[in-house]
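First the structure, in the form of structure tokens, and then the observations on it.
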Amino acid sequence: MKIYDRPGFPNSSRIRIVLAEKRLENRIEFVSVDLIGAEHKQPPFLAINPSGKIPVLELDDGTLISESTAITEYLDNLDGNPTLTGRTPREKAMVHMMQNRAEAELMGAVDGYFHYATPGLGDAMQPYVSPEWTGRQEWGQRQGAKAVQGMKYFDGVLKSRPFVAGEAFSMADITVFASLNFAEAAGLAMPPELASLAAWRTKVSELPSVKKRSGQAFLPEDLKRFGL
Ligand SMILES: N[C@@H](CCC(=O)N[C@@H](CS)C(=O)NCC(=O)O)C(=O)O
């Protein structure tokens, strides 16, 4: 199997954690896609994913699977023991409900903040993601405020259960964790009073699959291009 991604980017890191959790890293060949250079918006990559987004999983028979949730479902079910996406109907429902909330309230909102309230991926990407319009900054800032509300929501959730979707670590935890790292990298701070979310984040960061951080840090060349 092949994965088209770029180390350090939030949805790439989601899948890297899944691969470590399912011990599948050795079965994957990684193909690096240059997001800052807008490689993912050019025809060769659009033939792989018409949405122009990473990550994409390519199976050995050539099947192309994009969308991190779909990729996670596939990888999690390969061993017949879907620990990350739910084993029972109730678990599955809870994981997908919380996963969707993590995407809508956190990951998507941080993405909006990053692309519209900050220089985002830089000059090469401007024609693709950030058309100029007068409300652009304001919309980006509103997305940032939405993301902070999302953090408050998940802080509340984590006051009454150990993980985002219940008793076990799941895909929803991975999405919230990757979103918080993305927020931090984009300069969006987590309010210090969110003690339950902070404690959960520390606990998740210490899980072996997360701690490994293989491919979860930006490439030095990308950090330089971000001016970091
Ligand atoms: N819904 C997609 C979102 C993927 C996504 O937004 N990927 C980011 C990288 S983390 C990307 O490709 N961004 C480049 C762009 O939006 O142009 C998923 O769940 O995989």
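Residue numbering restarts at 1 in every chain; chains get A, B, ... in the order shown in the structure tokens, and ligands count up from 1 in that same order.
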Inset, instruction - Would you list the contacts of Glu105 in chain A as a PyMOL selection string, taking every protein, DNA or RNA residue within 9 Å and counting only C-alpha atoms, but skipping same-chain residues closer than 3 positions in sequence? - result: chain A and resi 100-102+108-110+146-151+153
Inset, instruction - Determine, counting only C-alpha atoms, which protein, DNA and RNA residues have an atom within 12 Å of an atom of Pro208 in chain A; residues of the same chain fewer than 3 positions away are not included. Present the result as a PyMOL selection string. - result: chain A and resi 17-23+203-205+211-214
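CA of Ala70 in chain A lies 10.9 Å from CA of Met171 in chain A.
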Inset, instruction - Write out as an MDAnalysis selection string all residues of range 129-196 of chain A that DSSP puts in alpha helix (DSSP H) for this structure's backbone. - result: chainID A and resid 129 136:160 171:185 195:196
Legend entry - Near-ligand residues for ligand 1, threshold 10 Å, only C-alpha atoms and all ligand atoms, as an NGL selection string: :A and (5-15 or 33-36 or 38-41 or 49 or 51-56 or 65-72 or 103 or 107-108 or 111-112 or 115 or 120-121 or 125-126 or 128-130 or 175 or 178-179 or 182)
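Distance-wise, CA of Ser160 in chain A and CA of Phe177 in chain A end up 17.9 Å apart.
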Legend entry - Minimum-distance residue to Gly122 in chain A, chosen among A:Pro50, A:Gly227, A:Pro192, A:Pro43 (using only C-alpha atoms): A:Gly227
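With only C-alpha atoms as the basis for measurement, A:Leu180 is the residue among A:Ile3, A:Leu180, A:Leu57, A:Val31 that approaches Arg201 in chain A most closely.
Distances here use only C-alpha atoms; by that measure, the residue among A:Leu223, A:Leu59, A:Leu158, A:Val164 closest to Ala199 in chain A is A:Leu158.
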Inset, instruction - Name the residues of range 47-200 of chain A that fall into strand (DSSP E or B) according to DSSP on the backbone, using the chain letters and numbers of this document, as a PyMOL selection string. - result: chain A and resi 56-58+64-66+163+166
Okay, now the selection with N, CA and C atoms, as a PDB file, in the first residue's frame?
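Once written, result_18.pdb looks like this:
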ATOM      1  N   VAL A  56      -3.958  10.418   0.939  1.00  0.00           N
ATOM      2  CA  VAL A  56      -4.648   9.453   0.069  1.00  0.00           C
ATOM      3  C   VAL A  56      -3.957   8.095   0.257  1.00  0.00           C
ATOM      4  N   LEU A  57      -4.775   7.061   0.409  1.00  0.00           N
ATOM      5  CA  LEU A  57      -4.255   5.691   0.493  1.00  0.00           C
ATOM      6  C   LEU A  57      -4.465   5.018  -0.858  1.00  0.00           C
ATOM      7  N   GLU A  58      -3.400   4.401  -1.390  1.00  0.00           N
ATOM      8  CA  GLU A  58      -3.539   3.621  -2.632  1.00  0.00           C
ATOM      9  C   GLU A  58      -3.318   2.150  -2.298  1.00  0.00           C
ATOM     10  N   LEU A  64      -7.992   3.935  -4.973  1.00  0.00           N
ATOM     11  CA  LEU A  64      -7.565   5.168  -4.286  1.00  0.00           C
ATOM     12  C   LEU A  64      -8.607   5.556  -3.244  1.00  0.00           C
ATOM     13  N   ILE A  65      -8.153   5.718  -1.999  1.00  0.00           N
ATOM     14  CA  ILE A  65      -9.077   6.082  -0.913  1.00  0.00           C
ATOM     15  C   ILE A  65      -8.596   7.384  -0.287  1.00  0.00           C
ATOM     16  N   SER A  66      -9.416   8.433  -0.411  1.00  0.00           N
ATOM     17  CA  SER A  66      -9.091   9.687   0.279  1.00  0.00           C
ATOM     18  C   SER A  66     -10.124   9.888   1.378  1.00  0.00           C
ATOM     19  N   PHE A 163     -12.067   9.281  27.355  1.00  0.00           N
ATOM     20  CA  PHE A 163     -11.713   9.554  25.958  1.00  0.00           C
ATOM     21  C   PHE A 163     -12.912  10.211  25.263  1.00  0.00           C
ATOM     22  N   GLY A 166     -15.837   7.882  24.608  1.00  0.00           N
ATOM     23  CA  GLY A 166     -16.220   6.950  25.674  1.00  0.00           C
ATOM     24  C   GLY A 166     -15.038   6.444  26.468  1.00  0.00           C
TER      25      GLY A 166
END
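Counting only C-alpha atoms and comparing A:Tyr116, A:Ser32, A:Ile48, A:Ala195, the residue that lies closest to Phe218 in chain A is A:Ser32.
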